[in-house]
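Trainee: Quick one, entry-v2.cif (mmCIF, C-alpha atoms):
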data_final
loop_
_atom_site.label_atom_id
_atom_site.label_comp_id
_atom_site.auth_asym_id
_atom_site.auth_seq_id
_atom_site.Cartn_x
_atom_site.Cartn_y
_atom_site.Cartn_z
CA ASN A 1 74.27 118.90 56.64
CA GLU A 2 74.66 122.15 58.59
CA GLU A 3 75.74 120.40 61.80
CA VAL A 4 79.35 120.84 62.84
CA TYR A 5 81.22 118.05 64.61
CA LEU A 6 84.43 118.15 66.58
CA ASN A 7 86.77 115.33 65.56
CA LEU A 8 89.95 114.43 67.40
CA VAL A 9 92.80 112.92 65.39
CA LEU A 10 95.36 111.19 67.60
CA GLU A 11 98.37 109.04 66.86
CA TYR A 12 97.82 105.30 66.42
CA VAL A 13 99.10 103.17 69.28
CA PRO A 14 98.69 99.48 68.41
CA ASP A 15 98.44 97.64 71.73
CA THR A 16 97.50 97.82 75.41
CA VAL A 17 99.13 96.69 78.63
CA TYR A 18 96.09 94.46 79.16
CA ARG A 19 96.67 92.51 75.95
CA VAL A 20 100.41 92.21 76.51
CA ALA A 21 99.96 91.03 80.10
CA ARG A 22 97.29 88.56 79.00
CA HIS A 23 99.67 87.14 76.38
CA TYR A 24 102.25 86.39 79.06
CA SER A 25 99.59 85.00 81.39
CA ILE A 26 98.26 82.58 78.76
CA SER A 27 101.84 81.48 78.09
CA LYS A 28 102.27 81.00 81.86
CA GLN A 29 105.21 83.37 81.82
CA PRO A 30 105.72 86.44 84.01
CA VAL A 31 105.88 89.85 82.38
CA PRO A 32 109.62 90.64 82.13
CA MET A 33 110.56 92.88 85.03
CA LEU A 34 112.08 95.55 82.79
CA TYR A 35 108.73 95.93 81.04
CA VAL A 36 106.90 96.13 84.37
CA LYS A 37 109.20 98.97 85.41
CA LEU A 38 108.83 100.77 82.09
CA TYR A 39 105.03 100.53 82.05
CA ILE A 40 104.48 101.61 85.65
CA TYR A 41 107.06 104.41 85.50
CA GLN A 42 105.48 105.94 82.40
CA LEU A 43 102.00 105.52 83.89
CA CYS A 44 103.20 107.30 87.01
CA ARG A 45 104.58 110.17 84.95
CA SER A 46 101.26 110.49 83.16
CA ILE A 47 99.34 110.50 86.43
CA ASN A 48 101.69 113.04 87.96
CA TYR A 49 101.16 115.33 84.98
CA ILE A 50 97.36 115.27 85.00
CA HIS A 51 97.27 115.55 88.79
CA SER A 52 99.38 118.71 88.55
CA LEU A 53 96.50 120.14 86.51
CA GLY A 54 93.97 119.07 89.14
CA ILE A 55 92.62 116.30 86.91
CA CYS A 56 91.74 112.89 88.29
CA HIS A 57 91.52 110.12 85.66
CA ARG A 58 89.18 107.88 87.72
CA ASP A 59 89.56 104.81 85.50
CA ILE A 60 93.17 103.65 85.59
CA LYS A 61 93.34 100.03 84.41
CA PRO A 62 95.46 97.93 82.00
CA GLN A 63 92.87 98.32 79.22
CA ASN A 64 93.37 102.10 79.29
CA LEU A 65 97.13 101.95 78.95
CA LEU A 66 98.04 102.10 75.28
CA LEU A 67 101.34 100.51 74.35
CA ASP A 68 103.68 100.65 71.39
CA THR A 69 105.50 97.35 71.85
CA SER A 70 108.22 98.26 69.35
CA THR A 71 109.46 101.05 71.61
CA SER A 72 107.76 100.14 74.94
CA THR A 73 106.18 103.60 74.98
CA LEU A 74 103.05 103.83 77.12
CA LYS A 75 100.19 106.30 76.74
CA LEU A 76 97.35 106.89 79.19
CA CYS A 77 94.00 107.05 77.38
CA ASP A 78 90.22 107.14 77.88
CA PHE A 79 89.41 110.29 79.80
CA GLY A 80 85.67 109.65 79.67
CA SER A 81 85.51 109.44 83.48
CA ALA A 82 88.10 112.14 84.15
CA LYS A 83 87.23 115.19 86.19
CA VAL A 84 88.85 118.31 87.57
CA LEU A 85 88.46 117.78 91.31
CA ILE A 86 87.51 120.91 93.21
CA LYS A 87 87.80 120.95 97.00
CA GLY A 88 84.37 121.08 98.61
CA GLU A 89 82.59 119.88 95.48
CA THR A 90 80.93 116.45 95.68
CA ASN A 91 81.79 113.70 93.23
CA VAL A 92 80.12 110.40 92.39
CA SER A 93 81.53 107.48 94.35
CA TYR A 94 80.44 104.81 91.87
CA ILE A 95 83.38 105.36 89.56
CA CYS A 96 86.47 103.44 88.41
CA SER A 97 86.54 99.83 87.23
CA ARG A 98 85.93 97.45 90.13
CA HIS A 99 89.27 95.64 90.46
CA TYR A 100 91.10 98.97 90.57
CA ARG A 101 88.61 100.90 92.70
CA ALA A 102 90.04 102.59 95.79
CA PRO A 103 88.45 101.56 99.11
CA GLU A 104 87.21 105.08 99.89
CA LEU A 105 84.99 104.82 96.80
CA ILE A 106 83.57 101.53 98.07
CA PHE A 107 82.86 103.27 101.38
CA GLY A 108 80.84 105.86 99.47
CA ALA A 109 83.18 108.83 99.72
CA THR A 110 82.19 111.80 97.58
CA ASN A 111 85.01 114.14 98.62
CA TYR A 112 87.90 111.95 97.49
CA THR A 113 91.15 113.18 95.97
CA THR A 114 93.43 112.25 93.10
CA THR A 115 94.93 109.55 95.34
CA ILE A 116 92.28 107.16 93.99
CA ASP A 117 94.40 107.06 90.82
CA VAL A 118 97.45 106.12 92.89
CA TRP A 119 95.55 103.18 94.38
CA SER A 120 94.63 102.05 90.87
CA LEU A 121 98.27 102.30 89.80
CA GLY A 122 99.24 100.06 92.72
CA CYS A 123 96.65 97.51 91.61
CA VAL A 124 98.00 97.55 88.05
CA LEU A 125 101.55 97.01 89.33
CA ALA A 126 100.43 94.11 91.51
CA GLU A 127 98.56 92.56 88.58
CA LEU A 128 101.63 92.69 86.35
CA LEU A 129 103.64 90.94 89.06
CA LEU A 130 101.00 88.31 89.88
CA GLY A 131 99.63 87.66 86.41
CA GLN A 132 96.11 88.27 87.70
CA PRO A 133 94.18 91.00 89.57
CA LEU A 134 95.20 91.41 93.20
CA PHE A 135 91.63 92.16 94.31
CA PRO A 136 89.31 90.13 92.00
CA GLY A 137 85.97 91.10 93.55
CA GLU A 138 82.80 89.98 91.76
CA ASN A 139 80.76 92.96 92.98
CA GLY A 140 81.20 96.09 95.07
CA ILE A 141 80.93 94.38 98.46
CA ASP A 142 83.03 91.41 97.40
CA GLN A 143 85.67 93.86 96.23
CA LEU A 144 85.97 95.22 99.77
CA VAL A 145 86.19 91.65 101.08
CA GLU A 146 89.11 90.95 98.72
CA ILE A 147 90.90 94.07 99.92
CA ILE A 148 90.35 93.15 103.58
CA LYS A 149 91.80 89.68 102.91
CA VAL A 150 95.09 91.36 102.08
CA LEU A 151 95.17 94.59 104.10
CA GLY A 152 93.17 93.34 107.05
CA THR A 153 90.13 94.99 108.60
CA PRO A 154 90.39 98.79 108.48
CA THR A 155 90.48 100.58 111.82
CA LYS A 156 87.92 103.24 112.75
CA GLU A 157 90.59 105.86 112.08
CA GLN A 158 91.25 104.47 108.62
CA ILE A 159 87.54 104.34 107.80
CA HIS A 160 87.20 107.94 108.96
CA ALA A 161 90.12 108.91 106.71
CA MET A 162 88.37 107.26 103.75
CA ASN A 163 84.89 108.62 104.49
CA PRO A 164 84.22 110.64 107.67
CA TYR A 165 80.47 110.21 107.14
CA TYR A 166 80.54 106.42 107.19
CA THR A 167 79.16 105.24 110.52
CA SER A 168 78.75 101.46 110.15
CA PHE A 169 81.73 99.58 111.56
CA LYS A 170 80.45 96.01 111.60
CA PHE A 171 83.40 94.17 110.08
CA PRO A 172 84.94 90.88 111.23
CA GLU A 173 88.44 91.29 112.63
CA ILE A 174 90.85 89.97 110.01
CA LYS A 175 94.60 90.39 110.25
CA ALA A 176 96.60 91.75 107.35
CA ASN A 177 98.24 89.19 105.10
CA PRO A 178 102.02 89.76 104.87
CA TRP A 179 103.03 91.01 101.43
CA SER A 180 105.68 88.30 101.28
CA LYS A 181 102.86 85.75 101.24
CA VAL A 182 100.87 87.65 98.64
CA PHE A 183 103.87 87.68 96.29
CA ARG A 184 105.40 84.25 96.82
CA SER A 185 107.37 84.03 93.59
CA LYS A 186 111.11 84.48 94.02
CA GLU A 187 111.10 86.36 90.71
CA VAL A 188 109.25 89.28 92.31
CA PRO A 189 111.93 91.71 93.55
CA SER A 190 111.74 92.99 97.10
CA GLU A 191 111.78 96.59 95.83
CA SER A 192 108.49 96.05 93.99
CA ILE A 193 106.86 94.60 97.10
CA ASP A 194 108.14 97.54 99.15
CA LEU A 195 106.67 99.95 96.60
CA ILE A 196 103.25 98.28 96.61
CA SER A 197 103.21 98.25 100.41
CA LYS A 198 103.61 102.04 100.37
CA ILE A 199 100.87 102.61 97.79
CA LEU A 200 98.01 100.34 98.81
CA HIS A 201 96.97 102.02 102.06
CA TYR A 202 93.45 102.51 103.37
CA ASP A 203 94.27 106.08 104.40
CA PRO A 204 94.53 108.05 101.14
CA SER A 205 96.83 110.64 102.71
CA THR A 206 99.53 108.04 103.45
CA ARG A 207 99.82 106.70 99.90
CA LEU A 208 102.94 107.70 98.02
CA LYS A 209 102.61 110.62 95.63
CA PRO A 210 103.35 109.97 91.94
CA VAL A 211 106.69 111.81 92.13
CA GLU A 212 107.71 109.70 95.13
CA ILE A 213 106.76 106.55 93.24
CA CYS A 214 108.92 107.54 90.26
CA ALA A 215 111.85 108.15 92.62
CA HIS A 216 111.52 104.73 94.27
CA PRO A 217 114.55 102.38 93.99
CA PHE A 218 112.39 99.90 92.05
CA PHE A 219 112.96 102.11 88.99
CA ASP A 220 116.72 102.65 89.44
CA GLU A 221 117.45 100.30 86.53
CA LEU A 222 115.67 102.73 84.19
CA ARG A 223 118.01 105.52 85.28
CA ASP A 224 121.11 103.48 84.42
CA PRO A 225 122.50 104.78 81.09
CA LYS A 226 123.55 101.22 80.19
CA THR A 227 119.98 99.88 80.31
CA THR A 228 118.43 99.08 76.94
CA LEU A 229 115.39 97.17 75.69
CA PRO A 230 115.91 93.40 75.31
CA ASP A 231 116.51 93.86 71.57
CA GLY A 232 119.24 96.41 72.22
CA LYS A 233 117.14 99.44 71.27
CA PRO A 234 117.22 102.48 73.60
CA LEU A 235 114.55 102.94 76.23
CA PRO A 236 111.64 105.24 75.36
CA PRO A 237 112.00 108.87 76.51
CA LEU A 238 111.75 108.77 80.30
CA PHE A 239 113.40 112.01 81.39
CA ASN A 240 112.03 114.62 78.95
CA PHE A 241 110.24 116.40 81.78
CA THR A 242 108.27 119.45 80.70
CA ILE A 243 108.52 122.65 82.71
CA SER A 244 105.18 121.95 84.37
CA GLU A 245 106.40 118.47 85.33
CA GLN A 246 109.64 119.88 86.72
CA ASN A 247 107.61 122.20 88.93
CA THR A 248 106.04 119.15 90.59
CA ILE A 249 109.35 117.42 91.21
CA GLY A 250 111.20 119.88 93.42
CA PRO A 251 114.88 119.73 94.37
CA LYS A 252 114.38 116.83 96.80
CA HIS A 253 113.71 114.29 94.06
CA ALA A 254 115.41 116.05 91.15
CA LYS A 255 118.78 114.35 91.60
CA ILE A 256 117.12 110.94 91.59
CA LEU A 257 114.60 111.47 88.81
CA ILE A 258 116.92 113.30 86.41
CA PRO A 259 120.26 111.49 86.06
CA ALA A 260 123.23 113.41 84.69
CA HIS A 261 123.10 111.69 81.30
CA ALA A 262 119.50 112.87 80.80
CA MET A 263 119.93 116.59 81.47
CA SER A 264 119.76 117.42 77.76
CA SER A 265 116.25 115.94 77.59
CA LEU A 266 114.71 118.54 79.91
CA GLU A 267 112.45 121.26 78.60
CA LEU A 268 114.00 124.67 79.20
CA PRO A 269 114.09 127.05 80.95
CA SER A 270 114.46 124.52 83.76
CA PRO A 271 113.20 125.59 87.20
CA LEU A 272 115.32 122.81 88.70
CA PHE A 273 118.64 123.44 86.96
CA PRO A 274 119.04 127.17 86.18
CA ASN A 275 122.59 126.58 84.90
CA LEU A 276 121.09 124.83 81.87
CA ASN A 277 119.15 127.92 80.85
CA SER A 278 121.81 129.61 78.73
CA PRO A 279 120.76 130.79 75.25
CA SER A 280 122.83 128.08 73.59
CA SER A 281 121.25 125.39 75.77
CA THR A 282 117.76 126.62 74.98
CA THR A 283 118.37 126.45 71.25
CA SER A 284 119.81 122.96 71.32
CA SER A 285 117.25 121.56 73.71
CA SER A 286 114.17 122.38 71.66
CA ALA A 287 114.85 119.43 69.40
CA SER A 288 115.61 117.14 72.32
CA THR A 289 112.22 117.45 73.99
CA PRO A 290 110.05 115.05 71.97
CA VAL A 291 106.70 116.03 73.42
CA THR A 292 104.84 113.57 71.22
CA MET A 293 106.76 110.76 72.89
CA SER A 294 106.20 112.02 76.42
CA ALA A 295 104.38 109.70 78.77
CA SER A 296 102.07 112.56 79.56
CA SER A 297 101.47 114.10 76.16
CA PRO A 298 98.22 112.26 75.31
CA SER A 299 96.85 113.52 78.58
CA THR A 300 97.34 117.08 77.37
CA THR A 301 95.49 116.38 74.15
CA THR A 302 92.61 114.43 75.59
CA THR A 303 91.75 116.06 78.88
CA THR A 304 91.02 119.39 77.26
CA THR A 305 87.96 117.96 75.57
CA THR A 306 86.75 115.28 77.95
CA THR A 307 86.87 116.95 81.34
CA THR A 308 84.51 119.63 80.08
CA THR A 309 81.78 117.06 79.61
CA THR A 310 82.45 115.12 82.83
CA SER A 311 82.99 117.93 85.32
CA ASN A 312 79.51 117.65 86.77
CA SER A 313 79.83 114.13 88.20
#
Translate this structure into structure tokens?

Mentor:
Amino acid sequence: NEEVYLNLVLEYVPDTVYRVARHYSISKQPVPMLYVKLYIYQLCRSINYIHSLGICHRDIKPQNLLLDTSTSTLKLCDFGSAKVLIKGETNVSYICSRHYRAPELIFGATNYTTTIDVWSLGCVLAELLLGQPLFPGENGIDQLVEIIKVLGTPTKEQIHAMNPYYTSFKFPEIKANPWSKVFRSKEVPSESIDLISKILHYDPSTRLKPVEICAHPFFDELRDPKTTLPDGKPLPPLFNFTISEQNTIGPKHAKILIPAHAMSSLELPSPLFPNLNSPSSTTSSSASTPVTMSASSPSTTTTTTTTTTTSNS
């Protein structure tokens, strides 16, 4: 009776992207493209936020994406595998659920970066478009085979970029499968295929960064002030960037990521738009930054407790 336990009380989020996508798959219907954009955009914001703190989630998958279907608000959850990555410190390579596991992990890399989360995001996007996993490997080796079927055999340079200590190069020469053949449905927009083609790279350093993904034209519809949910309700908060998030954006992408109609959603004082930082703006903006609705807010709550226990692996 003298033991003390730490209990976390978090908001209730009723569904997951996995269950929603499965519902459409069973009905033999594609996930509506607006929902695909909303889910991936919010996931990308969440990833960008935790990466700015040096945290790698290491288990991005549809089951770990909580979803409030009434508002289409997404929350990233399950930080049981998360870790603060420190340069020079080794990490376990057997991590991340198989279908979403980056190739450098399969090659046994222990000095990987947060880009393994970006690979997983690309796999989730592809799955929402296809209605099934893009790389459905049955085991670790088969997973690599599935990746090679699409991306082709990695070159020595690409293998070195994934794991410089990997010395076995005995792979059959297989040409890359054009993305247009992977996504044959006419309902899949060319912008989504272009985005995936810039994410799913063998070389981790050439994958798009989360901020670059958010700024991709695939998400332009979300930045249109006329866009609403199918039932006419407004979109969930997409532009309520916190100060720490704004610091990761930079002026290059600011004009794309923060449309004029969303300026009032920014947390102040804004490092991107100093003209918004007047006393009157600060007072009025405090109520317009709904942190509890932010795509990244559960990350803030959860990582504080979980990364402490996982930082040694």

Trainee: Could you name the residues that touch Ile141 (chain A) at 12 Å or less, counting all atoms listed in the file, but leaving out those on the same chain fewer than 5 positions away, as a ChimeraX atom specification?

Mentor: /A:98-99,101,103,105-108,135-136,146-148,171

Trainee: Residues near region 6-20 of chain A, anyone? I mean within 8 Å using only C-alpha atoms, not counting same-chain ones fewer than 3 positions away, as a compact mmCIF listing (two decimals) with C-alpha atoms, keeping the file's coordinate frame.

Mentor:
# COMPACT_ATOMS: atom_id res chain seq x y z
CA HIS A 23 99.67 87.14 76.38
CA TYR A 24 102.25 86.39 79.06
CA TYR A 39 105.03 100.53 82.05
CA PRO A 62 95.46 97.93 82.00
CA GLN A 63 92.87 98.32 79.22
CA ASN A 64 93.37 102.10 79.29
CA LEU A 65 97.13 101.95 78.95
CA LEU A 66 98.04 102.10 75.28
CA LEU A 67 101.34 100.51 74.35
CA ASP A 68 103.68 100.65 71.39
CA THR A 69 105.50 97.35 71.85

Trainee: With the file shown as input, list the residues that the PyMOL selection byres ((chain A and resi 153-170) around 6) selects, as a list in words.

Mentor: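 When the PyMOL selection byres ((chain A and resi 153-170) around 6) is applied to the shown file, the picked residues are Glu104, Ala109, Ile148, Gly152, Phe171, Glu173, Ile174 and Asp203 of chain A.
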
Trainee: Report the distance between CA of Phe273 (chain A) and CA of Lys233 (chain A) in Å, rounded to one decimal place.

Mentor: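 Computing the Euclidean distance for CA of Phe273 (chain A) and CA of Lys233 (chain A) yields 28.7 Å.
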
Trainee: I'd like to know which of A:His261, A:Ala176, A:Leu128, A:Val84 is closest to Tyr202 (chain A), using all atoms listed in the file.

Mentor: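 Under the stated criterion, the closest residue is A:Ala176.
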
Trainee: Please identify all polymer residues within 7 Å of His57 (chain A), counting all atoms listed in the file, omitting same-chain residues fewer than 5 positions from it, and present them as a list in words.

Mentor: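 Listed by chain and then number, they are Phe79, Ser81, Ala82, Lys83 and Asp117 of chain A.
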
Trainee: Using CA of Glu191 (chain A) and CA of Phe241 (chain A) as the two end points, give the distance in Å to one decimal.

Mentor: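 Separating CA of Glu191 (chain A) from CA of Phe241 (chain A) is a distance of 24.3 Å.
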
Trainee: I'd like to see the residues matched by the PyMOL selection byres ((chain A and resi 212-214) around 12) on this file, and ideally I'd get them as a ChimeraX atom specification.

Mentor: /A:37-48,118-119,121-122,125,191-192,194-199,206-211,215-223,238-239,248-250,252-254,256-258

Trainee: Kindly export the residues of the current selection with C-alpha atoms, as an mmCIF file, in the coordinates of the input.

Mentor:
data_model
loop_
_atom_site.group_PDB
_atom_site.id
_atom_site.type_symbol
_atom_site.label_atom_id
_atom_site.label_comp_id
_atom_site.auth_asym_id
_atom_site.auth_seq_id
_atom_site.Cartn_x
_atom_site.Cartn_y
_atom_site.Cartn_z
ATOM 1 C CA LYS A 37 109.200 98.970 85.410
ATOM 2 C CA LEU A 38 108.830 100.770 82.090
ATOM 3 C CA TYR A 39 105.030 100.530 82.050
ATOM 4 C CA ILE A 40 104.480 101.610 85.650
ATOM 5 C CA TYR A 41 107.060 104.410 85.500
ATOM 6 C CA GLN A 42 105.480 105.940 82.400
ATOM 7 C CA LEU A 43 102.000 105.520 83.890
ATOM 8 C CA CYS A 44 103.200 107.300 87.010
ATOM 9 C CA ARG A 45 104.580 110.170 84.950
ATOM 10 C CA SER A 46 101.260 110.490 83.160
ATOM 11 C CA ILE A 47 99.340 110.500 86.430
ATOM 12 C CA ASN A 48 101.690 113.040 87.960
ATOM 13 C CA VAL A 118 97.450 106.120 92.890
ATOM 14 C CA TRP A 119 95.550 103.180 94.380
ATOM 15 C CA LEU A 121 98.270 102.300 89.800
ATOM 16 C CA GLY A 122 99.240 100.060 92.720
ATOM 17 C CA LEU A 125 101.550 97.010 89.330
ATOM 18 C CA GLU A 191 111.780 96.590 95.830
ATOM 19 C CA SER A 192 108.490 96.050 93.990
ATOM 20 C CA ASP A 194 108.140 97.540 99.150
ATOM 21 C CA LEU A 195 106.670 99.950 96.600
ATOM 22 C CA ILE A 196 103.250 98.280 96.610
ATOM 23 C CA SER A 197 103.210 98.250 100.410
ATOM 24 C CA LYS A 198 103.610 102.040 100.370
ATOM 25 C CA ILE A 199 100.870 102.610 97.790
ATOM 26 C CA THR A 206 99.530 108.040 103.450
ATOM 27 C CA ARG A 207 99.820 106.700 99.900
ATOM 28 C CA LEU A 208 102.940 107.700 98.020
ATOM 29 C CA LYS A 209 102.610 110.620 95.630
ATOM 30 C CA PRO A 210 103.350 109.970 91.940
ATOM 31 C CA VAL A 211 106.690 111.810 92.130
ATOM 32 C CA ALA A 215 111.850 108.150 92.620
ATOM 33 C CA HIS A 216 111.520 104.730 94.270
ATOM 34 C CA PRO A 217 114.550 102.380 93.990
ATOM 35 C CA PHE A 218 112.390 99.900 92.050
ATOM 36 C CA PHE A 219 112.960 102.110 88.990
ATOM 37 C CA ASP A 220 116.720 102.650 89.440
ATOM 38 C CA GLU A 221 117.450 100.300 86.530
ATOM 39 C CA LEU A 222 115.670 102.730 84.190
ATOM 40 C CA ARG A 223 118.010 105.520 85.280
ATOM 41 C CA LEU A 238 111.750 108.770 80.300
ATOM 42 C CA PHE A 239 113.400 112.010 81.390
ATOM 43 C CA THR A 248 106.040 119.150 90.590
ATOM 44 C CA ILE A 249 109.350 117.420 91.210
ATOM 45 C CA GLY A 250 111.200 119.880 93.420
ATOM 46 C CA LYS A 252 114.380 116.830 96.800
ATOM 47 C CA HIS A 253 113.710 114.290 94.060
ATOM 48 C CA ALA A 254 115.410 116.050 91.150
ATOM 49 C CA ILE A 256 117.120 110.940 91.590
ATOM 50 C CA LEU A 257 114.600 111.470 88.810
ATOM 51 C CA ILE A 258 116.920 113.300 86.410
#

Trainee: Just give me the gap between CA of Asp224 (chain A) and CA of Leu266 (chain A) in Å, one decimal is fine.

Mentor: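 Taking CA of Asp224 (chain A) and CA of Leu266 (chain A), their separation equals 17.0 Å.
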
Trainee: Show which residues sit within 8 Å of Ile116 (chain A), as a ChimeraX atom specification. Count all atoms listed in the file, and ignore same-chain residues fewer than 2 positions away.

Mentor: /A:58,101-102,112-114,118-120,204
